Amino acid sequence: MRTFLSFVLWMLLCCCWSTRAEIFTSISQMTDLIYTEKELVQSLRDYIKAEETKLDAVKSWANKLDALTRASTSDPEGYLAHPVNAYKLMKRLNTEWSELETLVLQNPSDGFISNMSIHRQFFPDEEDETGAAKALMRLQDTYQLDSEAFSRGKLPGMHSNVLLTVDDCFDMGKTAYNDADYYHAVLWMQQALKQLDGGEESVATKPDILDYLSYSVYQMGDLPRAIELTRRLVAISPGHQRAGGNLRYFERLLSKERNEQNQDYQPASEEPILLGTYRRPKDHLPEREKYEALCRGEGLQMNDERRSRLFCRYQDGKRNPRLLLKPMKEEDEWDSPHIVRYLEVLSHQETEKIKELAKPRLARATVRDPKTGVLTTANYRVSKSAWLEEVDDPVIVRVNQRIEDITGLEVDTAELLQVANYGVGGQYEPHYDFSRRPFDNNRDGNRLATFLNYKDEPDAFKRLGTGNRMATFLNYMSDVEAGGATVFPDFGAAIRPKKGTAVFWYNLFKSGEGDYRTRHAACPVLVGSKWVSNKWIHERGQEFRRPCGLREVD
């Protein structure tokens, strides 16, 4: 403002200075100054109006964000438990706050820019926004949710007023498109078009949406529909730089296909594009369909006969003094391989203390590269983790001792307690906890594809000097409203998280051979925040606690 007023005064002074020796002698010339001043005043009013428009826009932003932050800060974890809230937080901080910054920078505001500069280093970046968008698509696939459900906040067991706008859907589609994921690009561009046709306002235009949608539909192999969509694009934007060329190209391809197959012209389907209209492309995971079905609660192999072999009991750790007065409640989750759940393993106070210790140390969880043995991040493991030692707090000492008492296994040679928190769409795709040997012959036909993916893995735990991961003790430290189950695709089991409980299974037979049936996964968290802690117990020190069996598969 000060800069502009200085400019106005300078202009007036220049006008007066350059003419004062003659203007006052001529009323006619002075009238020119009147009109000059009038133009400058109008310019000043235009400037004030622009400032007021900008201020109104900033006030509107502030009111909207004030309401959002009141809702989010009252219960941050509960707010972020909804995946759409998490995605929109990523998008707001990466994209929309930058737009607000640009608006304010039209005339610099030192206080705002100073705060932006301080906090910018902590903002999510493009990768975070993209990751959150892909997480929504992952949830969409796993739980077979159409784009309409997400856009309108209609998730299983939850109805919310958290909505995705036309521009949100358009940006989701662009994220998929830029990743050559035309399957999801079609779903989200179609949803953006549907909402735009329904009368919603947006920055994205119909030609923009039709441009992405028509080409994505073509990539999915649906030429008739691609042609129909491109014709719509040409009709509303005749001068579009690509539409005309694309239309001619698509029509030639369709004509060629009909001639080669000796088919008559088939018009585009009038059915709307839905979740099952096109088949999702195959990916790296051979058991993808079985894994996702289990996450949805489908394909479970629990039956009356198997259920009759499952029992509950009190476990005193073979007369362990610490468990005699208060034995642990143990329930069978599966018979073979034997998986058990322990109830009331961790108290609320203990879980909250462990979370408190872990939060400052959380970092993107890593996996061991099967080729190099080096720890790296991967898209199939989406969580953050921290490792806690006994010196960190007495609660870790108590938890480790409790695990030893319950299992009867030595934990001095186990790995540190790993705490993990799964974010939006957080998951860990099917994997083994134990290290596979390069030429392990313990496999059968139905596991061959899985074996081939991992046959070159070196001994991942050799440097520890404690042998392989014999067993897994998994603590659930939160309830999860929807999703987040631990599933075993090989034998069709699904274990739901329940705060304070823990599940335990052996990864190795008594012979030390890997039990390939224990390949498991953490399903994507649909609604909620999932906290777990793992204790991986190794072979060293178990020689007399779990002696070797007489057969390879004992």
# chains A, B, ... in the order shown; residues from 1 in each chain; ligands from 1
$ residues_around --residues "Ala471 of chain A" --least-positions-apart "3" --cutoff "7 Å" --atoms "only C-alpha atoms" --output "CSV table (one decimal) with C-alpha atoms, in the first residue's frame"
chain,number,residue,atom,x,y,z
A,505,TRP,CA,2.8,-67.5,15.8
A,506,TYR,CA,5.9,-69.4,14.9
A,507,ASN,CA,7.5,-68.5,11.6
A,536,TRP,CA,10.5,-60.6,16.6
A,537,ILE,CA,12.0,-63.5,18.5
A,538,HIS,CA,15.2,-65.1,17.0
$ select_by_dssp --residues "segment 253-385 of chain A" --states "strand (DSSP E)" --output "number ranges by chain"
A: 312-315, 328-334, 339-343, 363-364, 367-368, 375-376, 381-382, 384-385
$ residues_around --residues "segment 160-163 of chain A" --least-positions-apart "4" --cutoff "9 Å" --atoms "only C-alpha atoms" --output "mmCIF file with C-alpha atoms, in the first residue's frame"
data_model
loop_
_atom_site.group_PDB
_atom_site.id
_atom_site.type_symbol
_atom_site.label_atom_id
_atom_site.label_comp_id
_atom_site.auth_asym_id
_atom_site.auth_seq_id
_atom_site.Cartn_x
_atom_site.Cartn_y
_atom_site.Cartn_z
ATOM 1 C CA HIS A 82 -10.985 -40.650 8.054
ATOM 2 C CA VAL A 84 -10.496 -38.320 3.024
ATOM 3 C CA ASN A 85 -9.580 -35.919 5.863
ATOM 4 C CA PHE A 150 -15.411 -41.511 -1.420
ATOM 5 C CA SER A 151 -16.596 -38.255 -2.898
ATOM 6 C CA ARG A 152 -19.693 -38.236 -0.713
ATOM 7 C CA GLY A 153 -17.997 -39.566 2.435
ATOM 8 C CA LYS A 154 -19.921 -42.849 2.371
ATOM 9 C CA LEU A 155 -17.444 -45.330 3.794
#
$ closest_residue --among "A:Glu543, A:Asp405, A:Glu415, A:Asp171" --to "Arg322 of chain A" --atoms "only C-alpha atoms"
A:Asp405
$ residues_around --residues "Arg296 of chain A" --least-positions-apart "5" --cutoff "8 Å" --atoms "only C-alpha atoms" --output "ChimeraX atom specification"
/A:142-143,483
$ write_last_selection --atoms "N, CA and C atoms" --output "CSV table (one decimal), in the first residue's frame"
chain,number,residue,atom,x,y,z
A,142,THR,N,-9.1,-52.1,-2.7
A,142,THR,CA,-9.1,-53.2,-1.7
A,142,THR,C,-10.5,-53.5,-1.2
A,143,TYR,N,-11.2,-52.4,-0.9
A,143,TYR,CA,-12.6,-52.5,-0.3
A,143,TYR,C,-13.7,-52.3,-1.3
A,483,GLY,N,-11.2,-51.8,8.4
A,483,GLY,CA,-9.9,-52.2,7.7
A,483,GLY,C,-8.8,-52.6,8.7
$ atom_distance --atom1 "atom CA of Asn246 of chain A" --atom2 "atom CA of Ala192 of chain A"
21.4 Å
$ atom_distance --atom1 "atom CA of Ser336 of chain A" --atom2 "atom CA of Met470 of chain A"
16.2 Å
$ closest_residue --among "A:Lys355, A:Lys54, A:Lys530, A:Lys318" --to "Gln427 of chain A" --atoms "only C-alpha atoms"
A:Lys530
$ residues_around --residues "Ile273 of chain A" --least-positions-apart "5" --cutoff "12 Å" --atoms "only C-alpha atoms" --output "PDB file with N, CA, C and O atoms, in the first residue's frame"
ATOM      1  N   ASP A 146     -16.615 -47.370  -4.890  1.00  0.00           N
ATOM      2  CA  ASP A 146     -16.581 -46.537  -6.081  1.00  0.00           C
ATOM      3  C   ASP A 146     -16.219 -45.096  -5.706  1.00  0.00           C
ATOM      4  O   ASP A 146     -16.221 -44.711  -4.537  1.00  0.00           O
ATOM      5  N   SER A 147     -15.885 -44.313  -6.717  1.00  0.00           N
ATOM      6  CA  SER A 147     -15.457 -42.929  -6.482  1.00  0.00           C
ATOM      7  C   SER A 147     -16.561 -42.103  -5.841  1.00  0.00           C
ATOM      8  O   SER A 147     -16.289 -41.175  -5.076  1.00  0.00           O
ATOM      9  N   GLU A 148     -17.808 -42.431  -6.168  1.00  0.00           N
ATOM     10  CA  GLU A 148     -18.951 -41.715  -5.587  1.00  0.00           C
ATOM     11  C   GLU A 148     -18.960 -41.870  -4.062  1.00  0.00           C
ATOM     12  O   GLU A 148     -19.242 -40.918  -3.328  1.00  0.00           O
ATOM     13  N   TYR A 183      -6.543 -46.742 -15.310  1.00  0.00           N
ATOM     14  CA  TYR A 183      -7.707 -47.360 -14.676  1.00  0.00           C
ATOM     15  C   TYR A 183      -8.317 -46.404 -13.648  1.00  0.00           C
ATOM     16  O   TYR A 183      -9.512 -46.122 -13.669  1.00  0.00           O
ATOM     17  N   HIS A 184      -7.486 -45.893 -12.748  1.00  0.00           N
ATOM     18  CA  HIS A 184      -7.996 -44.969 -11.736  1.00  0.00           C
ATOM     19  C   HIS A 184      -8.256 -43.584 -12.319  1.00  0.00           C
ATOM     20  O   HIS A 184      -9.143 -42.863 -11.842  1.00  0.00           O
ATOM     21  N   ALA A 185      -7.485 -43.205 -13.328  1.00  0.00           N
ATOM     22  CA  ALA A 185      -7.732 -41.910 -13.979  1.00  0.00           C
ATOM     23  C   ALA A 185      -9.160 -41.869 -14.523  1.00  0.00           C
ATOM     24  O   ALA A 185      -9.864 -40.858 -14.388  1.00  0.00           O
ATOM     25  N   VAL A 186      -9.604 -42.962 -15.127  1.00  0.00           N
ATOM     26  CA  VAL A 186     -10.965 -43.031 -15.665  1.00  0.00           C
ATOM     27  C   VAL A 186     -11.992 -42.869 -14.544  1.00  0.00           C
ATOM     28  O   VAL A 186     -12.944 -42.078 -14.650  1.00  0.00           O
ATOM     29  N   LEU A 187     -11.795 -43.594 -13.448  1.00  0.00           N
ATOM     30  CA  LEU A 187     -12.774 -43.568 -12.357  1.00  0.00           C
ATOM     31  C   LEU A 187     -12.917 -42.169 -11.766  1.00  0.00           C
ATOM     32  O   LEU A 187     -14.037 -41.704 -11.501  1.00  0.00           O
ATOM     33  N   TRP A 188     -11.805 -41.484 -11.574  1.00  0.00           N
ATOM     34  CA  TRP A 188     -11.868 -40.183 -10.907  1.00  0.00           C
ATOM     35  C   TRP A 188     -12.236 -39.058 -11.867  1.00  0.00           C
ATOM     36  O   TRP A 188     -12.917 -38.104 -11.475  1.00  0.00           O
ATOM     37  N   MET A 189     -11.816 -39.132 -13.117  1.00  0.00           N
ATOM     38  CA  MET A 189     -12.252 -38.122 -14.088  1.00  0.00           C
ATOM     39  C   MET A 189     -13.750 -38.263 -14.364  1.00  0.00           C
ATOM     40  O   MET A 189     -14.454 -37.269 -14.542  1.00  0.00           O
ATOM     41  N   GLN A 190     -14.233 -39.494 -14.378  1.00  0.00           N
ATOM     42  CA  GLN A 190     -15.668 -39.716 -14.566  1.00  0.00           C
ATOM     43  C   GLN A 190     -16.445 -39.114 -13.400  1.00  0.00           C
ATOM     44  O   GLN A 190     -17.506 -38.494 -13.595  1.00  0.00           O
ATOM     45  N   GLN A 191     -15.933 -39.265 -12.185  1.00  0.00           N
ATOM     46  CA  GLN A 191     -16.614 -38.693 -11.021  1.00  0.00           C
ATOM     47  C   GLN A 191     -16.575 -37.167 -11.069  1.00  0.00           C
ATOM     48  O   GLN A 191     -17.567 -36.501 -10.732  1.00  0.00           O
ATOM     49  N   LEU A 193     -16.486 -35.355 -13.757  1.00  0.00           N
ATOM     50  CA  LEU A 193     -17.441 -34.964 -14.798  1.00  0.00           C
ATOM     51  C   LEU A 193     -18.876 -35.068 -14.287  1.00  0.00           C
ATOM     52  O   LEU A 193     -19.708 -34.188 -14.547  1.00  0.00           O
ATOM     53  N   LYS A 194     -19.159 -36.110 -13.541  1.00  0.00           N
ATOM     54  CA  LYS A 194     -20.508 -36.309 -13.006  1.00  0.00           C
ATOM     55  C   LYS A 194     -20.890 -35.159 -12.071  1.00  0.00           C
ATOM     56  O   LYS A 194     -22.009 -34.629 -12.126  1.00  0.00           O
ATOM     57  N   LEU A 213     -10.184 -37.759 -19.603  1.00  0.00           N
ATOM     58  CA  LEU A 213     -11.056 -38.936 -19.542  1.00  0.00           C
ATOM     59  C   LEU A 213     -11.057 -39.698 -20.855  1.00  0.00           C
ATOM     60  O   LEU A 213     -10.939 -40.932 -20.867  1.00  0.00           O
ATOM     61  N   SER A 214     -11.182 -38.999 -21.967  1.00  0.00           N
ATOM     62  CA  SER A 214     -11.261 -39.690 -23.261  1.00  0.00           C
ATOM     63  C   SER A 214      -9.979 -40.461 -23.555  1.00  0.00           C
ATOM     64  O   SER A 214     -10.027 -41.609 -24.021  1.00  0.00           O
ATOM     65  N   VAL A 217      -9.745 -43.527 -21.247  1.00  0.00           N
ATOM     66  CA  VAL A 217     -10.652 -44.580 -21.707  1.00  0.00           C
ATOM     67  C   VAL A 217     -10.057 -45.297 -22.914  1.00  0.00           C
ATOM     68  O   VAL A 217     -10.137 -46.529 -23.036  1.00  0.00           O
ATOM     69  N   MET A 220      -7.600 -47.752 -21.832  1.00  0.00           N
ATOM     70  CA  MET A 220      -8.223 -48.950 -21.269  1.00  0.00           C
ATOM     71  C   MET A 220      -8.812 -49.840 -22.348  1.00  0.00           C
ATOM     72  O   MET A 220      -9.410 -50.879 -22.049  1.00  0.00           O
ATOM     73  N   ASP A 222     -11.188 -49.103 -24.680  1.00  0.00           N
ATOM     74  CA  ASP A 222     -12.595 -48.892 -25.027  1.00  0.00           C
ATOM     75  C   ASP A 222     -12.674 -47.794 -26.087  1.00  0.00           C
ATOM     76  O   ASP A 222     -13.004 -46.640 -25.790  1.00  0.00           O
ATOM     77  N   ARG A 225     -16.196 -45.775 -26.664  1.00  0.00           N
ATOM     78  CA  ARG A 225     -16.477 -44.767 -25.643  1.00  0.00           C
ATOM     79  C   ARG A 225     -15.482 -43.610 -25.735  1.00  0.00           C
ATOM     80  O   ARG A 225     -15.843 -42.453 -25.511  1.00  0.00           O
ATOM     81  N   ALA A 226     -14.211 -43.908 -26.069  1.00  0.00           N
ATOM     82  CA  ALA A 226     -13.215 -42.848 -26.235  1.00  0.00           C
ATOM     83  C   ALA A 226     -13.633 -41.905 -27.361  1.00  0.00           C
ATOM     84  O   ALA A 226     -13.481 -40.685 -27.254  1.00  0.00           O
ATOM     85  N   LEU A 229     -16.619 -39.698 -26.148  1.00  0.00           N
ATOM     86  CA  LEU A 229     -16.168 -38.650 -25.231  1.00  0.00           C
ATOM     87  C   LEU A 229     -15.396 -37.568 -25.976  1.00  0.00           C
ATOM     88  O   LEU A 229     -15.531 -36.374 -25.679  1.00  0.00           O
ATOM     89  N   ALA A 268     -20.909 -46.877 -28.673  1.00  0.00           N
ATOM     90  CA  ALA A 268     -20.397 -46.862 -27.309  1.00  0.00           C
ATOM     91  C   ALA A 268     -21.500 -47.220 -26.326  1.00  0.00           C
ATOM     92  O   ALA A 268     -22.673 -46.897 -26.528  1.00  0.00           O
ATOM     93  N   TYR A 278     -14.208 -51.522 -16.123  1.00  0.00           N
ATOM     94  CA  TYR A 278     -12.939 -51.986 -16.686  1.00  0.00           C
ATOM     95  C   TYR A 278     -12.218 -52.843 -15.654  1.00  0.00           C
ATOM     96  O   TYR A 278     -12.362 -52.649 -14.450  1.00  0.00           O
ATOM     97  N   ARG A 279     -11.445 -53.782 -16.148  1.00  0.00           N
ATOM     98  CA  ARG A 279     -10.708 -54.681 -15.269  1.00  0.00           C
ATOM     99  C   ARG A 279      -9.398 -54.032 -14.833  1.00  0.00           C
ATOM    100  O   ARG A 279      -8.661 -53.500 -15.659  1.00  0.00           O
TER     101      ARG A 279
END
$ select_by_dssp --residues "segment 264-437 of chain A" --states "alpha helix (DSSP H)" --output "PyMOL selection string"
chain A and resi 288-295+304-307+321-324+348-358+394-407
$ atom_distance --atom1 "atom CA of Ala62 of chain A" --atom2 "atom CA of Glu77 of chain A"
22.7 Å
$ closest_residue --among "A:Asp515, A:Glu292, A:Gln542, A:Arg364" --to "Val411 of chain A" --atoms "only C-alpha atoms"
A:Gln542
$ closest_residue --among "A:Asp128, A:Asp141, A:Glu96, A:Asp46" --to "Cys295 of chain A" --atoms "only C-alpha atoms"
A:Asp141
$ closest_residue --among "A:Ile236, A:Leu196, A:Thr175, A:Val532" --to "Glu352 of chain A" --atoms "only C-alpha atoms"
A:Val532
$ closest_residue --among "A:Lys326, A:Arg341, A:Arg361, A:Arg248" --to "Arg496 of chain A" --atoms "only C-alpha atoms"
A:Arg341
